[in-house]
Structures are given as structure tokens and as C-alpha cells.
Amino acid sequence: MSKIVSLCKRRGFIFQSSEIYGGLKSAYDYGPLGAELKRNIAAEWWRNMVYERENVVGLDASIVMHPQVWQTSGHLAGFSDPLVDCLNCKERFRADKAPRSEPGSTVEYIQGGKAGGAKLKAPVTDKGYICPNCGAPTLSDERQFNLMFRTALGPVDPLAEVARELEGQSLTQSEIREKLEAAVKSSAVYLRPETAQSMFVQFLNVQQSMSMKVPFGIAQIGKSFRNEIVTEHFIFRSCEFEQMEMEFFCEPGTQKEWMDYWRRERMSWYQRYANDGAAFRFRQHEGSELAHYADDCYDIEFLYPWGWGELEGVASRTDYDLGKHAAESGVKLSYFDQNKPSPETGKPGWRYIPYVIEPAAGLTRSLLAFLLDAYTEEQGVDAKGETKTRVLLRLHPRLAPYKAAVLPLVGKDGQPELAMEIVREFRKRGINVSYDEKQSIGKRYARHDEIGTPYCLTIDGESLGDRSVTIRDRDTARQERISIDQALRTVQERLDALS
Ligand code: ATP
């Protein structure tokens, strides 16, 4: 992991946010190559989920939504409760509802709270309670908090109002808190903690404007924000991140077959772009782990350097979300199928609230997984007979920031001009390539290996005469002499082939 973090900084993939001021905890900036990699992953997801399907359409909703959305979805519920995070399984729970246990007594629990984890023992702290999910006594401090970032909409400063009201009054802490909550309530809005809710609240607009027939899906890629108590493992868990989510609306009773379909589709999507398919697996949620509204859930897990962990969740969310939003808003979020008989009357025409299958992936977390999967060190012997380590990112060409590098051997004698001619040819076809004439050719090959460029095309003295180049393959380091036209075709063909 530390090698990836340092490569990301050295080669312009990911930087610590606001680094010159000491950095902001768990916030990251995607540098020139990271921005390309992220865009490429998002583009491949969108291509697979939207462009290649008749029954899925896209959405790009606003990050700040009506606060009632979060009230209805249940995300706001914890605001005034004393909440605690389990440092072992990450469960967030109310301290006052947690199972009691004698301070100082030893309790047993399973590492990570997941089947197959190591058995651990630890003493119960003075808190006198343990995690209701995994039984661990390793807990964060109690706080009144919510995972959502709260901000205010509108030009009026709610704090000025509070200051006016409190002036000259002697109040208890809880009275002050009450007044503060009341003052901020009217203008409070939240940064979305998931993209999913906008697909539920826009269900009717999308369905009617696009004449969608159930089963159909709404897909979205966008930023989400969670005030995570435990941020960890570089970009694996951060407070600001990006998600790629799809809500697939289907007929009640068909959710199991769609669940099987979507979890397979999603697994094969990852494996298509990865080198090591065995580093991905499914983990079905046990009954006690399932959210109260879900009737099934699978995580797609990746083998990170610290062990298996979530990459994507594929959840069968029943009709819970549409049902709740319909009840709270008074708008019928249902679907009428005129050809299906109603189960109640047996007559044609069935109105129902669709069931939902949700494949919810992390874009930034996928980026980390693809980097980890691609990172390779190879031992070899250089021209002087010395042992050297070659570092390469074996990124799928569709994901790689540059699809090829065009390298004039020397920066004179017409070579840069011919190289730029080739670069322009690629750019005309929408293929992102790098023109690079800095440093020795060996250093340039090493740099492009390290940033995952699948091909290097080298222009030399001969190229000007016979319009040939040396093409070097990143993964094998093999070099071949071919015509410029053939080089253009080779790069294009690798991009067209998905495997
Ligand atoms: P975890 O168990 O890792 O906290 P979660 O179950 O809360 O994840 P979901 O709410 O299902 O996650 O979100 C869907 C996906 O969004 C996750 O599988 C993950 O890829 C991504 N994701 C969630 N929270 C974060 C975060 N704080 N930082 C980066 N990615 C995240």
C-alpha cells in the first residue's frame, strides 16, 4: 500500500488535499493522471450500464436535496442521539440501546465482525456496554452526530438569530442546544451521503419522460459525502468520495432473478478490467447483517493488502424506498402495467410499487482496487548485467491514462515533427496519447511502465525514411519494428478488444 501511495504522488495520480497547509485529513485530490484514470473507470461503467442497455437511463442529480428526503430515508434519524462507532465492525449504534456488560470483564469477539475472522478478547471499558452487532468493547467516544454534512441554504446567517435570542439569558446546555437546533432547522440542508435517493424521488419524472417500462434502471455517477468517524486506507474510506449507483426497478416477485443477474453482471465487469480475477469474490449478508428494508444483499469484495473488504454492494431493497417516499410526499410512486392481470382482481391492469435491485459501487474505491490489481514489480537484468526492478502498472488499456506514448529518440533532425504527426493522428481519433521527449529513452520507458501506458512508439532516424517505428509492449517489454499505420492499428485494436 505504501508503494502505491508513493507512486500516486510521484507520478501525479493522487495528492493529499491542501498539502502546503499540512493537508486535510482524509481528503484527496486527483492529479493529472488520477483524473484520467477516474474518468476512464466512470466512462467504462457508464458504457456498460447505460449505453449498452435498452432499459437503463442516466441521471445527474443535485448534491443538495430537500431535507425531507433524508428524513424519509432515515438518514436524519440519528442527529440527536448519542451515537457510538464500533472500531471493530464499523457498526454505528445508540449508546443508550447497547447491550450492557460489566466494566473490566473480558469479552470475546470476531475480528471485523465477519464470519471467518480471528477470535479476539478484550476488556469492557468504563462505558459498560459492547457493540450490539459484533460484541466488541473497542468503541469510539459517544457523540451526538450524524454521518451527513450539514450546511445552510440561503443568505440569512442562522447563528446571528441565535446570538440575538441568547443574549442576556442564562440557560442550561440542553436548552442552548435546543435553541441552536431550532434556529438552524429552517435553513438546514445536507450534502448527500449516497446518490441513490435522487433516483427514487425522480422515479416518476424519469419513467414518464422517457416512457420507460418496468423493468428498467436509473444510473448515476456522482459525489457523496459521509462524515466518517474512521477514515482509513488512503482513498478506501474518505469523507468525500464518488459513487456509481444504479436503481433497477422490477416487478414484485422477480427480485431474486434480477439480483442473480445484476450481481453476475457486476462481478464480470470488474473481472473484465482486472488482471487477477481471483481477487474478487461475493459475500452474501447474513440475516442479522441485512438492513431492515432489504430481503437480500451481496457485497462484491476485493482482496486489499489488509484483507478482503467491500468494493460494491448489490442490495435487493424491496419496495421500501419508493413506498416510504410515496407515503411521505403523497405522490403515487407506482407503476401501472396494463397488460398484467392484477393479483387481487385477476383482471388486466396491475398497479404496483416496483421492487428495487441496487448495485452500488464506489468509483474512488474501484480506482484503488484497479491500482492495487495493476501494480507489478518484475526482477530483470539490464544492459550492464545489473539486477533491476521494473515497476509497472498493468492497467487495462481502456483504463490507462495514456493509451500510447510517442517518443522521438532525439529532439532534433525532424523526429519531433514526425512524432507530433503521429500524435495528431491519435488525437483525431479521440485517443489520449503522450508526447514525451524528456530524458533518456530508458527513463522514458520506465516512466510509462510506471503510469501504465500500454505502448511506447519510438521514432528514430530510420523512421523518417521508411515511416516505421519501434513499438514496445508495456507488459512484455518486447520491441518490434512496424509501420506507423500498423502501430496506429495495434493501439486501436487493443482498445476495441475488451478482454
Ligand atoms: P462500508 O461497509 O465499506 O462502509 P457501505 O456498506 O457503507 O461501505 P454503501 O453505502 O453500500 O457502502 O455504498 C456503496 C459503495 O460506496 C461502497 O461499496 C463503497 O465502494 C463506496 N463507499 C461507501 N462509503 C465510502 C467512503 N467513505 N469512501 C469511499 N467509498 C465509499
# chains A, B, ... in the order shown; residues from 1 in each chain; ligands from 1
>>> residues_near_ligand(ligand="ligand 1", cutoff="8 Å", atoms="only C-alpha atoms and all ligand atoms", output="number ranges by chain")
A: 90, 194, 225-228, 231, 235-245, 299-300, 309-314, 360-366
>>> residues_around(residues="Val56 of chain A", least_positions_apart="2", cutoff="7 Å", atoms="only C-alpha atoms", output="PDB file with N, CA, C and O atoms, in the first residue's frame")
ATOM      1  N   MET A  49     -23.302   0.167 -18.249  1.00  0.00           N
ATOM      2  CA  MET A  49     -24.598   0.217 -17.564  1.00  0.00           C
ATOM      3  C   MET A  49     -25.661   0.960 -18.366  1.00  0.00           C
ATOM      4  O   MET A  49     -26.847   0.650 -18.243  1.00  0.00           O
ATOM      5  N   VAL A  50     -25.266   1.980 -19.137  1.00  0.00           N
ATOM      6  CA  VAL A  50     -26.270   2.804 -19.827  1.00  0.00           C
ATOM      7  C   VAL A  50     -26.244   2.583 -21.343  1.00  0.00           C
ATOM      8  O   VAL A  50     -27.231   2.147 -21.927  1.00  0.00           O
ATOM      9  N   ARG A  53     -27.310  -0.810 -22.914  1.00  0.00           N
ATOM     10  CA  ARG A  53     -28.582  -1.405 -22.484  1.00  0.00           C
ATOM     11  C   ARG A  53     -29.748  -0.546 -22.945  1.00  0.00           C
ATOM     12  O   ARG A  53     -29.681   0.684 -22.904  1.00  0.00           O
ATOM     13  N   GLU A  54     -30.820  -1.224 -23.336  1.00  0.00           N
ATOM     14  CA  GLU A  54     -32.022  -0.514 -23.771  1.00  0.00           C
ATOM     15  C   GLU A  54     -32.807   0.007 -22.573  1.00  0.00           C
ATOM     16  O   GLU A  54     -33.577   0.944 -22.697  1.00  0.00           O
ATOM     17  N   GLY A  58     -29.684   7.419 -17.689  1.00  0.00           N
ATOM     18  CA  GLY A  58     -28.846   8.106 -16.709  1.00  0.00           C
ATOM     19  C   GLY A  58     -29.552   9.242 -16.000  1.00  0.00           C
ATOM     20  O   GLY A  58     -30.627   9.699 -16.403  1.00  0.00           O
ATOM     21  N   PHE A 216     -36.781  -1.467 -15.554  1.00  0.00           N
ATOM     22  CA  PHE A 216     -35.816  -0.500 -16.089  1.00  0.00           C
ATOM     23  C   PHE A 216     -34.964   0.057 -14.950  1.00  0.00           C
ATOM     24  O   PHE A 216     -35.312  -0.078 -13.775  1.00  0.00           O
ATOM     25  N   GLY A 217     -33.854   0.686 -15.339  1.00  0.00           N
ATOM     26  CA  GLY A 217     -32.946   1.192 -14.319  1.00  0.00           C
ATOM     27  C   GLY A 217     -32.599   2.659 -14.521  1.00  0.00           C
ATOM     28  O   GLY A 217     -32.678   3.181 -15.637  1.00  0.00           O
ATOM     29  N   ILE A 218     -32.235   3.322 -13.424  1.00  0.00           N
ATOM     30  CA  ILE A 218     -31.711   4.695 -13.486  1.00  0.00           C
ATOM     31  C   ILE A 218     -30.306   4.654 -12.883  1.00  0.00           C
ATOM     32  O   ILE A 218     -30.123   4.191 -11.753  1.00  0.00           O
ATOM     33  N   ALA A 219     -29.343   5.127 -13.677  1.00  0.00           N
ATOM     34  CA  ALA A 219     -27.941   5.055 -13.250  1.00  0.00           C
ATOM     35  C   ALA A 219     -27.401   6.453 -12.990  1.00  0.00           C
ATOM     36  O   ALA A 219     -27.803   7.417 -13.643  1.00  0.00           O
TER      37      ALA A 219
END
>>> closest_residue(among="A:Trp350, A:Leu464, A:Gly23, A:Arg398", to="Glu493 of chain A", atoms="only C-alpha atoms")
A:Arg398
>>> closest_residue(among="A:Tyr435, A:Phe13, A:Ser140, A:Ser468", to="Glu480 of chain A", atoms="only C-alpha atoms")
A:Ser468
>>> closest_atom_pairs(of="segment 333-393 of chain A", to="segment 275-291 of chain A", cutoff="12 Å", atoms="only C-alpha atoms", output="JSON lines")
{"residue": "A:Ser366", "atom": "CA", "partner": "A:Phe280", "partner_atom": "CA", "distance": 11.6}
{"residue": "A:Ala369", "atom": "CA", "partner": "A:Ala279", "partner_atom": "CA", "distance": 9.5}
{"residue": "A:Phe370", "atom": "CA", "partner": "A:Asn275", "partner_atom": "CA", "distance": 8.9}
{"residue": "A:Leu371", "atom": "CA", "partner": "A:Asn275", "partner_atom": "CA", "distance": 10.7}
{"residue": "A:Leu372", "atom": "CA", "partner": "A:Asn275", "partner_atom": "CA", "distance": 10.2}
{"residue": "A:Asp373", "atom": "CA", "partner": "A:Asn275", "partner_atom": "CA", "distance": 6.4}
{"residue": "A:Ala374", "atom": "CA", "partner": "A:Asn275", "partner_atom": "CA", "distance": 6.8}
{"residue": "A:Tyr375", "atom": "CA", "partner": "A:Asn275", "partner_atom": "CA", "distance": 10.0}
{"residue": "A:Thr376", "atom": "CA", "partner": "A:Asn275", "partner_atom": "CA", "distance": 10.5}
{"residue": "A:Leu393", "atom": "CA", "partner": "A:Asn275", "partner_atom": "CA", "distance": 10.5}
>>> decode(residues="segment 238-252 of chain A", atoms="all heavy atoms", output="JSON list (two decimals), in the first residue's frame")
[["chain", "number", "residue", "atom", "x", "y", "z"],
["A", 238, "SER", "N", -13.03, 7.65, 2.62],
["A", 238, "SER", "CA", -12.78, 9.07, 2.80],
["A", 238, "SER", "C", -14.13, 9.76, 3.03],
["A", 238, "SER", "O", -15.18, 9.13, 2.89],
["A", 238, "SER", "CB", -12.08, 9.65, 1.58],
["A", 238, "SER", "OG", -12.70, 9.18, 0.41],
["A", 239, "CYS", "N", -14.09, 11.04, 3.40],
["A", 239, "CYS", "CA", -15.35, 11.73, 3.70],
["A", 239, "CYS", "C", -16.04, 12.20, 2.42],
["A", 239, "CYS", "O", -17.24, 12.30, 2.36],
["A", 239, "CYS", "CB", -15.09, 12.91, 4.63],
["A", 239, "CYS", "SG", -14.62, 12.33, 6.27],
["A", 240, "GLU", "N", -15.23, 12.53, 1.41],
["A", 240, "GLU", "CA", -15.79, 12.91, 0.11],
["A", 240, "GLU", "C", -15.35, 11.84, -0.87],
["A", 240, "GLU", "O", -14.16, 11.54, -0.97],
["A", 240, "GLU", "CB", -15.22, 14.27, -0.29],
["A", 240, "GLU", "CG", -15.69, 14.74, -1.63],
["A", 240, "GLU", "CD", -15.18, 16.13, -1.98],
["A", 240, "GLU", "OE1", -14.76, 16.88, -1.07],
["A", 240, "GLU", "OE2", -15.20, 16.47, -3.17],
["A", 241, "PHE", "N", -16.29, 11.25, -1.57],
["A", 241, "PHE", "CA", -15.94, 10.17, -2.49],
["A", 241, "PHE", "C", -16.94, 10.15, -3.63],
["A", 241, "PHE", "O", -17.89, 10.93, -3.65],
["A", 241, "PHE", "CB", -15.89, 8.82, -1.76],
["A", 241, "PHE", "CG", -17.17, 8.47, -1.03],
["A", 241, "PHE", "CD1", -18.08, 7.59, -1.58],
["A", 241, "PHE", "CD2", -17.46, 9.02, 0.20],
["A", 241, "PHE", "CE1", -19.26, 7.26, -0.92],
["A", 241, "PHE", "CE2", -18.64, 8.72, 0.87],
["A", 241, "PHE", "CZ", -19.54, 7.83, 0.32],
["A", 242, "GLU", "N", -16.71, 9.27, -4.59],
["A", 242, "GLU", "CA", -17.64, 9.20, -5.71],
["A", 242, "GLU", "C", -18.24, 7.82, -5.82],
["A", 242, "GLU", "O", -17.56, 6.82, -5.57],
["A", 242, "GLU", "CB", -16.94, 9.59, -7.02],
["A", 242, "GLU", "CG", -16.96, 11.09, -7.22],
["A", 242, "GLU", "CD", -16.16, 11.53, -8.42],
["A", 242, "GLU", "OE1", -16.66, 11.43, -9.53],
["A", 242, "GLU", "OE2", -15.02, 11.98, -8.22],
["A", 243, "GLN", "N", -19.51, 7.80, -6.18],
["A", 243, "GLN", "CA", -20.22, 6.53, -6.30],
["A", 243, "GLN", "C", -20.74, 6.31, -7.73],
["A", 243, "GLN", "O", -20.96, 7.28, -8.47],
["A", 243, "GLN", "CB", -21.41, 6.50, -5.34],
["A", 243, "GLN", "CG", -21.01, 6.44, -3.89],
["A", 243, "GLN", "CD", -22.21, 6.27, -2.99],
["A", 243, "GLN", "OE1", -23.13, 7.06, -3.03],
["A", 243, "GLN", "NE2", -22.21, 5.20, -2.19],
["A", 244, "MET", "N", -20.94, 5.07, -8.09],
["A", 244, "MET", "CA", -21.57, 4.71, -9.36],
["A", 244, "MET", "C", -22.72, 3.78, -8.95],
["A", 244, "MET", "O", -22.47, 2.64, -8.55],
["A", 244, "MET", "CB", -20.58, 3.95, -10.26],
["A", 244, "MET", "CG", -19.24, 4.67, -10.41],
["A", 244, "MET", "SD", -18.12, 3.90, -11.58],
["A", 244, "MET", "CE", -17.52, 2.48, -10.67],
["A", 245, "GLU", "N", -23.93, 4.32, -8.97],
["A", 245, "GLU", "CA", -25.06, 3.54, -8.46],
["A", 245, "GLU", "C", -26.14, 3.41, -9.51],
["A", 245, "GLU", "O", -26.33, 4.30, -10.34],
["A", 245, "GLU", "CB", -25.66, 4.21, -7.22],
["A", 245, "GLU", "CG", -24.69, 4.27, -6.04],
["A", 245, "GLU", "CD", -25.39, 4.58, -4.73],
["A", 245, "GLU", "OE1", -25.88, 5.72, -4.57],
["A", 245, "GLU", "OE2", -25.44, 3.70, -3.87],
["A", 246, "MET", "N", -26.88, 2.31, -9.43],
["A", 246, "MET", "CA", -28.00, 2.11, -10.34],
["A", 246, "MET", "C", -29.16, 1.52, -9.55],
["A", 246, "MET", "O", -28.96, 0.60, -8.75],
["A", 246, "MET", "CB", -27.57, 1.15, -11.45],
["A", 246, "MET", "CG", -28.44, 1.21, -12.68],
["A", 246, "MET", "SD", -29.74, 0.01, -12.71],
["A", 246, "MET", "CE", -28.82, -1.47, -12.87],
["A", 247, "GLU", "N", -30.34, 2.11, -9.73],
["A", 247, "GLU", "CA", -31.54, 1.55, -9.11],
["A", 247, "GLU", "C", -32.31, 0.87, -10.23],
["A", 247, "GLU", "O", -32.69, 1.52, -11.22],
["A", 247, "GLU", "CB", -32.41, 2.64, -8.47],
["A", 247, "GLU", "CG", -31.69, 3.54, -7.47],
["A", 247, "GLU", "CD", -30.99, 2.78, -6.35],
["A", 247, "GLU", "OE1", -31.58, 1.82, -5.83],
["A", 247, "GLU", "OE2", -29.85, 3.15, -6.02],
["A", 248, "PHE", "N", -32.51, -0.43, -10.09],
["A", 248, "PHE", "CA", -33.19, -1.20, -11.13],
["A", 248, "PHE", "C", -34.58, -1.58, -10.62],
["A", 248, "PHE", "O", -34.71, -2.30, -9.63],
["A", 248, "PHE", "CB", -32.37, -2.44, -11.48],
["A", 248, "PHE", "CG", -32.87, -3.13, -12.70],
["A", 248, "PHE", "CD1", -32.58, -2.62, -13.96],
["A", 248, "PHE", "CD2", -33.64, -4.27, -12.61],
["A", 248, "PHE", "CE1", -33.05, -3.25, -15.11],
["A", 248, "PHE", "CE2", -34.12, -4.91, -13.74],
["A", 248, "PHE", "CZ", -33.82, -4.39, -15.00],
["A", 249, "PHE", "N", -35.62, -1.03, -11.27],
["A", 249, "PHE", "CA", -37.00, -1.21, -10.82],
["A", 249, "PHE", "C", -37.62, -2.41, -11.52],
["A", 249, "PHE", "O", -37.63, -2.47, -12.76],
["A", 249, "PHE", "CB", -37.81, 0.06, -11.11],
["A", 249, "PHE", "CG", -37.20, 1.28, -10.47],
["A", 249, "PHE", "CD1", -36.35, 2.13, -11.18],
["A", 249, "PHE", "CD2", -37.44, 1.57, -9.13],
["A", 249, "PHE", "CE1", -35.78, 3.24, -10.59],
["A", 249, "PHE", "CE2", -36.88, 2.67, -8.52],
["A", 249, "PHE", "CZ", -36.04, 3.50, -9.25],
["A", 250, "CYS", "N", -38.11, -3.36, -10.73],
["A", 250, "CYS", "CA", -38.65, -4.58, -11.35],
["A", 250, "CYS", "C", -39.97, -4.97, -10.68],
["A", 250, "CYS", "O", -40.37, -4.39, -9.66],
["A", 250, "CYS", "CB", -37.62, -5.71, -11.24],
["A", 250, "CYS", "SG", -37.19, -6.16, -9.57],
["A", 251, "GLU", "N", -40.62, -5.92, -11.30],
["A", 251, "GLU", "CA", -41.93, -6.37, -10.79],
["A", 251, "GLU", "C", -41.76, -7.11, -9.47],
["A", 251, "GLU", "O", -40.82, -7.91, -9.35],
["A", 251, "GLU", "CB", -42.46, -7.34, -11.86],
["A", 251, "GLU", "CG", -43.94, -7.48, -11.90],
["A", 251, "GLU", "CD", -44.30, -8.49, -12.99],
["A", 251, "GLU", "OE1", -44.16, -8.15, -14.18],
["A", 251, "GLU", "OE2", -44.68, -9.62, -12.63],
["A", 252, "PRO", "N", -42.67, -6.89, -8.51],
["A", 252, "PRO", "CA", -42.56, -7.66, -7.26],
["A", 252, "PRO", "C", -42.58, -9.15, -7.57],
["A", 252, "PRO", "O", -43.36, -9.59, -8.42],
["A", 252, "PRO", "CB", -43.83, -7.26, -6.48],
["A", 252, "PRO", "CG", -44.28, -5.98, -7.09],
["A", 252, "PRO", "CD", -43.81, -5.97, -8.52]]
